[in-house]
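To keep things clear, I will list the structure first and then write my remarks on it.
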Amino acid sequence: MASKIAIIGTGYVGLVTGTCFAEVGHQVTCVDNNADKVKMLQDGGIPIYEPGLEDLVKKNTAEGRLRFTASTKEGVDESDIIFIAVPTPPQDDGSVDLSFIEKVAREIASSMTSYKIIVDKSTVPVNTGENVAETIKRYNQANVDFDVVSNPEFLREGFAVGDLMEPDRVVVGTTSQRPVAAMREVYEPFKAPIIFTDINSAELIKHAANSFLALKISYINAVSIICEASGANIEEVANGIGLDERIGRRFLNAGLGFGGSCFPKDLSAFIAIAEQLGYKFDLLKEVQHINAGQMERFIKKIEETLWVLKEKKLGVLGLAFKQNTDDVRMSPAIDLCQRLVKEGAELRVYDPKAMEKAKEILPEGEGITYVDDMNSIGEGCDAILIATEWPEFTELDLEKARKDLSHPILFDGRNLFEPAKMEELGFIYKSIGR
Ligand code: UDX
């Protein structure tokens, strides 16, 4: 049975969610207040890189299940279930800016003329659902019935289509039974376990999940420091503990640390919420501290090997915050480049997908040269740095790199290469925890 759905906010989460809902047969209207973005989507363009998304958007638009509009009213009128997927950016004090959520809630409320289910898909602090319900009640001029539901997303950028088409679980938070059947219908085609719980628990599940994943990464990064000091190998340790299914091997990759638009923001938000609720979440503060320390330690490694950074020429592979995405928000790779330029180094940089977005925050010219070919990264350089875990970087022509570099030096911030092999090739090779 096809549900009639509107998605308000056509970004990394909204566009993927709307497209996958259409793919499984629902009727979807994606709304965005950026008219240029709506036009691009209507003309078949895709504003973000997400593997597999472009084909699905084209297919579902052509088959009439997916459409785009800049009008919230249009979206509301044509749907029974309205997903809010607008940004909830961090504020300086770690709390979350909910102004986009509140604005959309008001717009939906003033457009409703019949019973609607409003679903909060954006990552929000616990107790936001109650505020959204109150806002809709106040601006609901037609005074029609509605229900507010929490339905957090668990999509990894770069893998979002797969994560939604085959979710580990679906979490639905609701205070009344009325939306349950409709929400089951939306997710039935995905054949995944659905947890129905209260709104507060659903909102907390999101922050608790992301913070735990970040904790796992900081844990293995902390252990990598002990490995370096003791001559152990962090990859072997991660494999050894990861075979215990209570631990699991994923998210135990030591490196430059985590970034992106989610982990840093969700950690700060969870710490801020806990504080407001009377709990000092020092464990998560330590997760942040360890993560920041990884960048410091990597730069120290570079300085120990190259001595002076000023006027050194460095080739940096990777600008996105992780592989398989063009997203550079809170990217450790960008942070690394900015710090090295500040020390007076001159950089040649390459990324398979993120260079356009990177140029907006790392402008060409001020100590930065963008190169189009990965294998030219080391030309005229003193060292090569790996900053993002793009699988294609393992195909780097190391023979050419060795000849291009004044001295064969490679700093691997994502442990993509094997120490033994690099030493065999004559490189001074520095990585994390090995
Ligand atoms: C994350 C969660 O995985 C996802 O479930 C949630 O919905 C949104 O936030 P995302 O931020 O897109 O997804 O990417 P993720 O794959 O989690 O990586 C986040 C950061 O952690 C990246 O910077 C990545 O490089 C880093 N990372 C990941 C590590 O440093 N080590 C690891 O083992 C895994």
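Chain labels follow the order of the structure tokens: the first chain is A, the next B, and so on; residue numbering restarts at 1 in every chain, and ligands are counted from 1 in their shown order.
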Contact residues around A:Gly365 with only C-alpha atoms at 12 Å, ignoring same-chain residues under 4 positions, as a PyMOL selection string: chain A and resi 341+346-349+359+369-370
Filtered DSSP result for stretch 144-373 of chain A, state helix (DSSP H, G or I), as a count of residues only: 113
All strand (DSSP E) residues (DSSP, backbone) inside stretch 99-340 of chain A, as a PyMOL selection string: chain A and resi 116-120+146-150+170-174+194-197+313-317
Near-A:Glu23 list (10 Å; only C-alpha atoms; drop same-chain fewer than 3 positions) as JSON, numbers by chain: {"A": [17, 18, 19, 20, 26, 27, 28, 56, 57, 59, 60, 61, 63, 65, 66, 165, 189]}
For A:Phe298: contacts at 10 Å, only C-alpha atoms, fewer than 5 positions along chain excluded, given as a count of residues only: 12
Exercise: A:Phe100 partners within 8 Å, only C-alpha atoms, chain neighbours under 5 positions left out, as number ranges by chain: A: 86-88
Shell of 8 Å around ligand 1 (only C-alpha atoms and all ligand atoms), written as a PyMOL selection string: chain A and resi 153-160+206+209-210+213-214+216-217+250-263+321-323+331-332+388-389+414
Would you give me, as CSV, each residue of stretch 210-233 of chain A having an atom within 10 Å of an atom of stretch 287-291 of chain A, along with its shortest atom pair and that distance in Å to one decimal, using only C-alpha atoms and sorting by chain and residue number?
residue,atom,partner,partner_atom,distance
A:Ser211,CA,A:Val287,CA,8.7
A:Phe212,CA,A:Val287,CA,9.5
A:Ala214,CA,A:Val287,CA,7.1
A:Leu215,CA,A:Val287,CA,5.6
A:Lys216,CA,A:Val287,CA,8.8
A:Ile217,CA,A:Asn291,CA,8.3
A:Ser218,CA,A:Val287,CA,5.5
A:Tyr219,CA,A:Val287,CA,7.7
A:Ile220,CA,A:Ile290,CA,10.0
A:Asn221,CA,A:Ile290,CA,7.4
A:Ala222,CA,A:Ile290,CA,6.7
Just the selected residues (N, CA and C atoms), exported as a compact mmCIF listing (two decimals), in the first residue's frame, please.
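This went into again_36.txt:
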# COMPACT_ATOMS: atom_id res chain seq x y z
N SER A 211 27.00 8.69 19.83
CA SER A 211 28.05 8.93 20.84
C SER A 211 28.81 7.65 21.13
N PHE A 212 28.11 6.51 21.11
CA PHE A 212 28.79 5.24 21.37
C PHE A 212 29.75 4.92 20.23
N ALA A 214 31.24 7.07 18.31
CA ALA A 214 32.39 7.99 18.46
C ALA A 214 33.30 7.51 19.59
N LEU A 215 32.68 7.01 20.65
CA LEU A 215 33.45 6.49 21.79
C LEU A 215 34.32 5.32 21.34
N LYS A 216 33.75 4.47 20.49
CA LYS A 216 34.50 3.30 20.00
C LYS A 216 35.75 3.77 19.25
N ILE A 217 35.58 4.81 18.45
CA ILE A 217 36.71 5.32 17.65
C ILE A 217 37.76 5.94 18.57
N SER A 218 37.31 6.74 19.55
CA SER A 218 38.29 7.32 20.46
C SER A 218 38.97 6.25 21.31
N TYR A 219 38.23 5.21 21.63
CA TYR A 219 38.84 4.13 22.42
C TYR A 219 40.00 3.52 21.64
N ILE A 220 39.76 3.17 20.38
CA ILE A 220 40.83 2.50 19.61
C ILE A 220 41.97 3.49 19.33
N ASN A 221 41.64 4.76 19.21
CA ASN A 221 42.70 5.76 19.02
C ASN A 221 43.56 5.88 20.27
N ALA A 222 42.92 5.79 21.44
CA ALA A 222 43.69 5.83 22.70
C ALA A 222 44.59 4.58 22.79
Test item: residues at most 9 Å from A:Ser79, only C-alpha atoms, excluding those fewer than 6 positions along its chain, as a list in words: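 After dropping sequence-adjacent residues, the list is Ser3, Lys4, Ile5, Ala6, Gln27, Val28, Thr29 and Lys116 of chain A.
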Would you save the residues of that selection, restricted to C-alpha atoms, as a short mmCIF file (atom, residue, chain, number, x, y, z; two decimals), in the first residue's frame?
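Below you can see result35.cif, which holds the result:
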data_model
loop_
_atom_site.label_atom_id
_atom_site.label_comp_id
_atom_site.auth_asym_id
_atom_site.auth_seq_id
_atom_site.Cartn_x
_atom_site.Cartn_y
_atom_site.Cartn_z
CA SER A 3 1.87 6.01 1.51
CA LYS A 4 1.62 9.66 0.51
CA ILE A 5 4.73 11.30 1.98
CA ALA A 6 6.31 14.74 2.07
CA GLN A 27 4.37 8.59 -3.42
CA VAL A 28 6.92 11.24 -2.35
CA THR A 29 7.11 15.03 -2.58
CA LYS A 116 -1.48 14.67 9.43
#
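Here atom CA of A:Ala22 and atom CA of A:Asp36 stand 22.2 Å from one another.
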Atom pair atom CA of A:Thr10 / atom CA of A:Gly318: separation (Å):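 Computing the Euclidean distance for atom CA of A:Thr10 and atom CA of A:Gly318 yields 26.2 Å.
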For A:Tyr429: contacts at 10 Å, only C-alpha atoms, fewer than 3 positions along chain excluded, given as a PyMOL selection string: chain A and resi 305+383-384+408-412+417-423+425-426
Could you take the residues named above and write them with N, CA and C atoms, as a PDB file, in the first residue's frame?
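Wrote part.pdb, looks like this:
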ATOM      1  N   THR A 305      59.590  14.395  12.001  1.00  0.00           N
ATOM      2  CA  THR A 305      60.279  13.797  10.845  1.00  0.00           C
ATOM      3  C   THR A 305      60.826  14.870   9.914  1.00  0.00           C
ATOM      4  N   ALA A 383      57.034  15.389   1.192  1.00  0.00           N
ATOM      5  CA  ALA A 383      56.376  14.221   1.800  1.00  0.00           C
ATOM      6  C   ALA A 383      54.949  14.143   1.273  1.00  0.00           C
ATOM      7  N   ILE A 384      54.356  12.965   1.407  1.00  0.00           N
ATOM      8  CA  ILE A 384      52.938  12.762   1.071  1.00  0.00           C
ATOM      9  C   ILE A 384      52.207  12.413   2.370  1.00  0.00           C
ATOM     10  N   PRO A 408      61.793   9.881   0.024  1.00  0.00           N
ATOM     11  CA  PRO A 408      60.534   9.101   0.125  1.00  0.00           C
ATOM     12  C   PRO A 408      59.987   9.059   1.547  1.00  0.00           C
ATOM     13  N   ILE A 409      59.069  10.016   1.853  1.00  0.00           N
ATOM     14  CA  ILE A 409      58.466  10.086   3.194  1.00  0.00           C
ATOM     15  C   ILE A 409      56.952  10.099   3.037  1.00  0.00           C
ATOM     16  N   LEU A 410      56.252   9.239   3.752  1.00  0.00           N
ATOM     17  CA  LEU A 410      54.777   9.204   3.668  1.00  0.00           C
ATOM     18  C   LEU A 410      54.188   9.068   5.073  1.00  0.00           C
ATOM     19  N   PHE A 411      53.264  10.017   5.390  1.00  0.00           N
ATOM     20  CA  PHE A 411      52.548   9.973   6.674  1.00  0.00           C
ATOM     21  C   PHE A 411      51.145   9.465   6.405  1.00  0.00           C
ATOM     22  N   ASP A 412      50.793   8.320   6.986  1.00  0.00           N
ATOM     23  CA  ASP A 412      49.511   7.685   6.676  1.00  0.00           C
ATOM     24  C   ASP A 412      48.545   7.850   7.858  1.00  0.00           C
ATOM     25  N   PHE A 417      48.288   1.820   4.189  1.00  0.00           N
ATOM     26  CA  PHE A 417      49.392   1.029   3.643  1.00  0.00           C
ATOM     27  C   PHE A 417      49.984   0.117   4.711  1.00  0.00           C
ATOM     28  N   GLU A 418      50.782  -0.861   4.251  1.00  0.00           N
ATOM     29  CA  GLU A 418      51.408  -1.823   5.168  1.00  0.00           C
ATOM     30  C   GLU A 418      52.825  -1.349   5.523  1.00  0.00           C
ATOM     31  N   PRO A 419      53.168  -1.211   6.790  1.00  0.00           N
ATOM     32  CA  PRO A 419      54.509  -0.736   7.179  1.00  0.00           C
ATOM     33  C   PRO A 419      55.650  -1.530   6.530  1.00  0.00           C
ATOM     34  N   ALA A 420      55.528  -2.866   6.547  1.00  0.00           N
ATOM     35  CA  ALA A 420      56.631  -3.712   6.004  1.00  0.00           C
ATOM     36  C   ALA A 420      56.845  -3.392   4.524  1.00  0.00           C
ATOM     37  N   LYS A 421      55.745  -3.285   3.786  1.00  0.00           N
ATOM     38  CA  LYS A 421      55.841  -3.052   2.328  1.00  0.00           C
ATOM     39  C   LYS A 421      56.457  -1.674   2.069  1.00  0.00           C
ATOM     40  N   MET A 422      56.053  -0.691   2.838  1.00  0.00           N
ATOM     41  CA  MET A 422      56.551   0.675   2.630  1.00  0.00           C
ATOM     42  C   MET A 422      58.044   0.755   2.936  1.00  0.00           C
ATOM     43  N   GLU A 423      58.462   0.051   3.983  1.00  0.00           N
ATOM     44  CA  GLU A 423      59.901   0.065   4.315  1.00  0.00           C
ATOM     45  C   GLU A 423      60.697  -0.630   3.212  1.00  0.00           C
ATOM     46  N   LEU A 425      59.998  -0.629   0.159  1.00  0.00           N
ATOM     47  CA  LEU A 425      60.092   0.303  -0.981  1.00  0.00           C
ATOM     48  C   LEU A 425      61.006   1.479  -0.659  1.00  0.00           C
ATOM     49  N   GLY A 426      61.546   1.480   0.558  1.00  0.00           N
ATOM     50  CA  GLY A 426      62.507   2.537   0.895  1.00  0.00           C
ATOM     51  C   GLY A 426      61.879   3.797   1.457  1.00  0.00           C
TER      52      GLY A 426
END
Nearest residue to A:Ser201 from the set A:Ala229, A:Asn127, A:Leu267, A:Val96 (distances using only C-alpha atoms): A:Asn127
Computed interatomic separation between atom CA of A:Asn239 and atom CA of A:Pro352 (Å): 28.5 Å
Counting only C-alpha atoms, the residue of A:Lys313, A:Lys39, A:Lys73, A:Lys265 that sits nearest A:Ser95: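 Selected residue with least distance to A:Ser95: A:Lys265.
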Counting only C-alpha atoms, the residue of A:Glu102, A:Ser71, A:Asp372, A:Leu385 that sits nearest A:Gly315: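 Closest to A:Gly315 of all the choices is A:Leu385.
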